[in-house]
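Shown next: entry_31.cif, containing mmCIF, C-alpha atoms.
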```cif
data_my_file
loop_
_atom_site.label_atom_id
_atom_site.label_comp_id
_atom_site.auth_asym_id
_atom_site.auth_seq_id
_atom_site.Cartn_x
_atom_site.Cartn_y
_atom_site.Cartn_z
CA ASP A 1 9.32 8.77 7.90
CA ALA A 2 12.80 7.64 6.85
CA LYS A 3 13.59 7.18 3.17
CA THR A 4 14.30 3.72 1.75
CA THR A 5 16.50 2.61 -1.16
CA GLN A 6 15.83 -0.61 -3.06
CA PRO A 7 17.27 -2.09 -6.25
CA THR A 8 15.05 -1.46 -9.24
CA SER A 9 14.85 -5.10 -10.28
CA MET A 10 16.06 -8.58 -9.40
CA ASP A 11 15.79 -12.07 -10.86
CA CYS A 12 15.47 -15.34 -9.00
CA ALA A 13 15.23 -18.95 -10.15
CA GLU A 14 12.14 -20.82 -9.08
CA GLY A 15 12.75 -22.90 -5.96
CA ARG A 16 15.66 -20.78 -4.84
CA ALA A 17 15.60 -18.22 -2.04
CA ALA A 18 14.90 -14.65 -3.07
CA ASN A 19 16.77 -12.10 -0.96
CA LEU A 20 15.49 -8.55 -1.41
CA PRO A 21 17.61 -5.82 0.21
CA CYS A 22 16.50 -2.46 1.51
CA ASN A 23 18.59 0.40 2.85
CA HIS A 24 17.09 2.76 5.42
CA SER A 25 20.15 4.46 6.88
CA THR A 26 18.20 7.34 8.45
CA ILE A 27 15.75 5.12 10.32
CA SER A 28 14.98 6.25 13.85
CA GLY A 29 14.40 4.15 16.90
CA ASN A 30 10.62 4.38 16.76
CA GLU A 31 10.21 3.37 13.11
CA TYR A 32 9.07 -0.03 11.86
CA VAL A 33 10.18 -1.69 8.62
CA TYR A 34 7.22 -2.97 6.58
CA TRP A 35 7.19 -5.05 3.40
CA TYR A 36 4.34 -5.16 0.92
CA ARG A 37 4.14 -6.60 -2.57
CA GLN A 38 2.02 -5.82 -5.59
CA ILE A 39 1.30 -8.54 -8.09
CA HIS A 40 0.51 -7.36 -11.59
CA SER A 41 -1.21 -4.06 -10.65
CA GLN A 42 -3.46 -5.68 -8.05
CA GLY A 43 -3.83 -4.01 -4.66
CA PRO A 44 -0.70 -4.24 -2.49
CA GLN A 45 -0.48 -7.20 -0.15
CA TYR A 46 1.07 -7.07 3.31
CA ILE A 47 3.99 -9.47 3.83
CA ILE A 48 5.72 -8.80 7.13
CA HIS A 49 7.00 -6.06 9.42
CA GLY A 50 9.51 -5.66 12.24
CA LEU A 51 11.09 -3.17 14.61
CA LYS A 52 14.51 -4.57 15.51
CA ASN A 53 14.26 -8.33 15.87
CA ASN A 54 14.18 -10.74 12.97
CA GLU A 55 10.69 -11.85 12.07
CA THR A 56 9.26 -14.87 10.26
CA ASN A 57 5.79 -15.78 9.11
CA GLU A 58 4.26 -18.18 6.62
CA MET A 59 5.18 -15.96 3.70
CA ALA A 60 8.68 -14.70 4.41
CA SER A 61 11.46 -13.82 6.82
CA LEU A 62 12.67 -10.33 7.65
CA ILE A 63 16.27 -9.84 8.70
CA ILE A 64 17.11 -6.42 10.19
CA THR A 65 20.75 -5.53 10.80
CA GLU A 66 21.83 -4.74 14.31
CA ASP A 67 22.25 -1.04 13.53
CA ARG A 68 18.81 -1.12 11.79
CA LYS A 69 20.17 0.72 8.76
CA SER A 70 19.25 -2.05 6.37
CA SER A 71 17.05 -5.10 6.09
CA THR A 72 16.51 -8.11 3.83
CA LEU A 73 13.26 -9.78 2.93
CA ILE A 74 13.72 -13.48 2.28
CA LEU A 75 11.28 -15.61 0.30
CA PRO A 76 12.69 -19.06 1.10
CA HIS A 77 11.46 -20.98 -1.95
CA ALA A 78 10.39 -18.55 -4.64
CA THR A 79 7.69 -19.61 -7.09
CA LEU A 80 6.44 -18.00 -10.29
CA ARG A 81 3.54 -16.58 -8.28
CA ASP A 82 6.03 -14.51 -6.26
CA THR A 83 6.80 -12.39 -9.34
CA ALA A 84 5.77 -8.91 -8.17
CA VAL A 85 6.95 -5.47 -7.12
CA TYR A 86 8.16 -5.52 -3.52
CA TYR A 87 7.99 -2.35 -1.43
CA CYS A 88 10.08 -1.70 1.66
CA ILE A 89 8.44 0.99 3.80
CA VAL A 90 9.66 2.62 6.98
CA LYS A 91 6.88 3.91 9.18
CA GLU A 92 6.88 5.61 12.54
CA VAL A 93 5.29 3.69 15.35
CA GLY A 94 1.97 5.44 15.42
CA THR A 95 0.76 7.47 18.30
CA GLY A 96 -2.47 8.43 16.59
CA THR A 97 -5.01 6.18 15.00
CA ALA A 98 -4.07 6.12 11.32
CA SER A 99 -1.37 4.07 9.61
CA LYS A 100 -0.26 6.10 6.60
CA LEU A 101 2.19 4.37 4.25
CA THR A 102 4.72 6.07 1.98
CA PHE A 103 5.49 3.91 -1.06
CA GLY A 104 8.62 4.24 -3.17
CA THR A 105 9.03 2.53 -6.53
CA GLY A 106 10.04 -0.83 -5.02
CA THR A 107 11.98 -3.80 -6.45
CA ARG A 108 10.53 -5.70 -9.38
CA LEU A 109 11.25 -9.39 -8.66
CA GLN A 110 11.08 -11.72 -11.64
CA VAL A 111 11.01 -15.42 -10.77
CA THR A 112 12.03 -17.62 -13.69
CA LEU A 113 11.96 -21.33 -14.47
CA ASN B 114 -15.33 -12.36 3.93
CA ALA B 115 -14.81 -9.96 1.02
CA GLY B 116 -12.23 -7.67 2.67
CA VAL B 117 -12.04 -4.31 0.88
CA THR B 118 -14.38 -3.86 -2.08
CA GLN B 119 -14.09 -1.02 -4.58
CA THR B 120 -16.59 0.02 -7.22
CA PRO B 121 -16.42 0.52 -10.11
CA LYS B 122 -13.41 -1.44 -11.36
CA PHE B 123 -13.06 0.63 -14.53
CA GLN B 124 -14.32 4.08 -15.51
CA VAL B 125 -13.80 6.51 -18.37
CA LEU B 126 -14.73 10.14 -17.79
CA LYS B 127 -14.69 13.21 -19.94
CA THR B 128 -12.83 16.26 -18.66
CA GLY B 129 -15.06 18.22 -16.30
CA GLN B 130 -17.35 15.33 -15.38
CA SER B 131 -17.78 14.29 -11.79
CA MET B 132 -17.89 10.88 -10.20
CA THR B 133 -17.65 9.09 -6.87
CA LEU B 134 -15.48 6.06 -6.21
CA GLN B 135 -16.92 3.76 -3.61
CA CYS B 136 -15.06 1.67 -1.03
CA ALA B 137 -16.43 -0.66 1.62
CA GLN B 138 -14.72 -2.97 4.10
CA ASP B 139 -16.29 -5.75 6.13
CA MET B 140 -13.47 -6.28 8.67
CA ASN B 141 -14.71 -3.71 11.22
CA HIS B 142 -11.54 -1.67 10.66
CA ASN B 143 -11.26 1.77 12.17
CA SER B 144 -9.14 3.57 9.57
CA MET B 145 -9.56 3.84 5.81
CA TYR B 146 -7.40 5.35 3.08
CA TRP B 147 -7.44 6.39 -0.56
CA TYR B 148 -4.26 6.11 -2.65
CA ARG B 149 -3.53 6.72 -6.31
CA GLN B 150 -0.91 5.00 -8.43
CA ASP B 151 0.39 6.46 -11.67
CA PRO B 152 2.23 4.26 -14.20
CA GLY B 153 5.62 3.08 -12.96
CA MET B 154 5.18 4.82 -9.63
CA GLY B 155 4.47 3.83 -6.07
CA LEU B 156 1.19 4.62 -4.37
CA ARG B 157 0.54 8.12 -3.05
CA LEU B 158 -1.91 8.92 -0.26
CA ILE B 159 -4.81 11.19 -1.23
CA TYR B 160 -6.98 11.27 1.89
CA TYR B 161 -7.49 9.12 4.93
CA SER B 162 -9.99 8.66 7.72
CA ALA B 163 -8.48 7.68 11.04
CA SER B 164 -11.88 6.84 12.49
CA GLU B 165 -15.54 7.24 11.71
CA GLY B 166 -16.41 10.91 11.52
CA THR B 167 -12.90 12.17 10.74
CA THR B 168 -11.02 12.77 7.49
CA ASP B 169 -7.60 14.25 6.77
CA LYS B 170 -5.55 15.21 3.74
CA GLY B 171 -2.72 13.06 2.55
CA GLU B 172 0.11 13.83 0.15
CA VAL B 173 -1.95 14.68 -2.97
CA PRO B 174 -5.47 15.87 -1.94
CA ASN B 175 -6.05 18.60 -4.54
CA GLY B 176 -9.02 17.93 -6.81
CA TYR B 177 -10.59 15.36 -4.50
CA ASN B 178 -13.10 15.20 -1.66
CA VAL B 179 -13.94 12.31 0.62
CA SER B 180 -16.76 11.17 2.85
CA ARG B 181 -16.60 8.61 5.63
CA LEU B 182 -20.23 7.57 5.38
CA ASN B 183 -20.06 5.11 8.28
CA LYS B 184 -17.48 2.74 9.71
CA ARG B 185 -17.67 0.48 6.63
CA GLU B 186 -17.69 2.97 3.78
CA PHE B 187 -15.28 5.63 2.55
CA SER B 188 -15.95 7.37 -0.76
CA LEU B 189 -13.71 9.50 -2.97
CA ARG B 190 -15.25 12.20 -5.17
CA LEU B 191 -13.83 13.96 -8.19
CA GLU B 192 -15.90 17.11 -8.70
CA SER B 193 -14.43 18.13 -12.06
CA ALA B 194 -12.20 15.44 -13.52
CA ALA B 195 -8.96 16.38 -15.25
CA PRO B 196 -6.65 14.25 -17.44
CA SER B 197 -4.02 14.49 -14.68
CA GLN B 198 -6.34 12.40 -12.52
CA THR B 199 -6.02 9.43 -14.86
CA SER B 200 -4.68 6.80 -12.50
CA VAL B 201 -5.42 3.62 -10.60
CA TYR B 202 -7.11 4.32 -7.29
CA PHE B 203 -6.74 2.00 -4.32
CA CYS B 204 -8.72 1.98 -1.12
CA ALA B 205 -7.24 0.44 2.03
CA SER B 206 -8.17 -0.14 5.65
CA THR B 207 -6.40 -0.87 8.93
CA ARG B 208 -7.75 -2.09 12.24
CA LEU B 209 -5.27 -0.29 14.48
CA VAL B 210 -2.48 2.19 13.91
CA ASN B 211 0.39 -0.31 13.66
CA THR B 212 -1.43 -3.22 12.04
CA GLU B 213 -1.20 -4.22 8.41
CA ALA B 214 -3.19 -2.50 5.69
CA PHE B 215 -5.63 -4.40 3.49
CA PHE B 216 -6.12 -3.07 -0.03
CA GLY B 217 -8.92 -3.29 -2.54
CA GLN B 218 -8.35 -4.39 -6.11
CA GLY B 219 -8.34 -0.87 -7.49
CA THR B 220 -10.39 1.36 -9.77
CA ARG B 221 -8.80 2.17 -13.12
CA LEU B 222 -9.88 5.67 -14.08
CA THR B 223 -9.19 7.32 -17.42
CA VAL B 224 -10.06 10.99 -17.98
CA VAL B 225 -10.15 12.03 -21.64
#
```

Output the file's structure in the form of structure tokens.
Amino acid sequence: DAKTTQPTSMDCAEGRAANLPCNHSTISGNEYVYWYRQIHSQGPQYIIHGLKNNETNEMASLIITEDRKSSTLILPHATLRDTAVYYCIVKEVGTGTASKLTFGTGTRLQVTL
Amino acid sequence: NAGVTQTPKFQVLKTGQSMTLQCAQDMNHNSMYWYRQDPGMGLRLIYYSASEGTTDKGEVPNGYNVSRLNKREFSLRLESAAPSQTSVYFCASTRLVNTEAFFGQGTRLTVV
């Protein structure tokens, strides 16, 4: 699986959009981009994933550049409860039956009043 | 719907003791996983079970064994605990290969 690079930490004011970048310059055509977050040492929580098109769900939006070498996770209106470590993970489209994830150290997002 | 349930939540072991961490999911998922997370680090895969009856090694399998007891349950055993195994252990499950993973709340293990 391709390696990802994320900033170590970011701050965001409550109510503002949080834009979390991720570089994955060695991504291949059959690899998805996944985002998970971990709130205060709880189990990681799935947020969103995409292959090449932008994606949106009730939690966030995922913007993937046309060359797929980077992506941005957008939390449109960050709240204090969004304070967490956010992991960007690149994973090969599986041909087997398991979905193994390789976690880096992620971005620690601090949402402030 | 409880999702993924891990027991116990906390455990302290002495070096050389053995124990089994239990994990159960009620979502009828096919695949289950065990990860460990050391302080300040991301999660690392220990073992996984792609389907009932199969298990495979992950990134850091040494010192551990697993059993996929049935479709719901996947246990992790430490035969002779070492201080290096002090960590937070997370169990996860997925329905299909490219679907999202659901994680338990973790077991915090300290080996003294």

#### Entry: Explicit residue set for the PyMOL selection byres ((chain B) within 12 of (chain A)), as a PyMOL selection string
chain B and resi 116-119+122+142-165+167-173+200-221

### the PyMOL selection byres ((chain A and resi 60) around 8) resolved against shown file, as a list in words
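That selection, the PyMOL selection byres ((chain A and resi 60) around 8), comes back as Ile47, Ile48, Thr56, Asn57, Glu58, Met59, Ser61, Leu62, Leu73, Ile74, Leu75 and Pro76 of chain A.
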
### Message
Report as a PyMOL selection string all protein, DNA and RNA residues lying within 7 Å of Thr112 in chain A, evaluated on only C-alpha atoms, omitting residues in the same chain fewer than 6 positions from it.
### Response
chain A and resi 12-14+80

Kindly export the residues of the current selection with C-alpha atoms, as an mmCIF file, in the coordinates of the input.
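The new file selection-v4.cif reads:
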```
data_model
loop_
_atom_site.group_PDB
_atom_site.id
_atom_site.type_symbol
_atom_site.label_atom_id
_atom_site.label_comp_id
_atom_site.auth_asym_id
_atom_site.auth_seq_id
_atom_site.Cartn_x
_atom_site.Cartn_y
_atom_site.Cartn_z
ATOM 1 C CA CYS A 12 15.470 -15.340 -9.000
ATOM 2 C CA ALA A 13 15.230 -18.950 -10.150
ATOM 3 C CA GLU A 14 12.140 -20.820 -9.080
ATOM 4 C CA LEU A 80 6.440 -18.000 -10.290
#
```

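Counting from CA of Glu192 in chain B, the distance to CA of Asn175 in chain B is 10.8 Å.
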
#### Entry: Distance of CA of Met140 in chain B from CA of Gln198 in chain B, expressed in Å to one decimal place
29.1 Å

Per-axis box centre and lengths in Å around range 139-155 of chain B, 4 Å margin per side, axis-aligned, as JSON:
```
{"center_x": -5.3, "center_y": 0.2, "center_z": -1.0, "size_x": 29.9, "size_y": 21.0, "size_z": 34.4}
```

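Take CA of Tyr177 in chain B and CA of Leu191 in chain B: the distance between them is 5.1 Å.
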
### Task
Might you spell out which residues the PyMOL selection byres ((chain A and resi 4-8) around 6) would select in the displayed file, as a list of chain:residue names?
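On this input, the PyMOL selection byres ((chain A and resi 4-8) around 6) captures A:Lys3, A:Ser9, A:Cys22, A:Asn23, A:His24, A:Thr107.
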
### Query
Do you know which residues are at most 8 Å from Asn53 in chain A counting all atoms listed in the file, after dropping those on the same chain fewer than 3 positions away, and could you put them as a PyMOL selection string?
chain A and resi 50+63-64

### Message
Give me, as an MDAnalysis selection string, all polymer residues having an atom no more than 7 Å from Ala78 in chain A, counting all atoms listed in the file and skipping those fewer than 3 positions away in the same chain.
### Response
chainID A and resid 14:18 75 82 111

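Of the residues listed (A:Glu66, A:Met10, A:Lys52, A:Ala84), A:Lys52 shows the shortest atom-to-atom separation from Val33 in chain A; distances use all atoms listed in the file.
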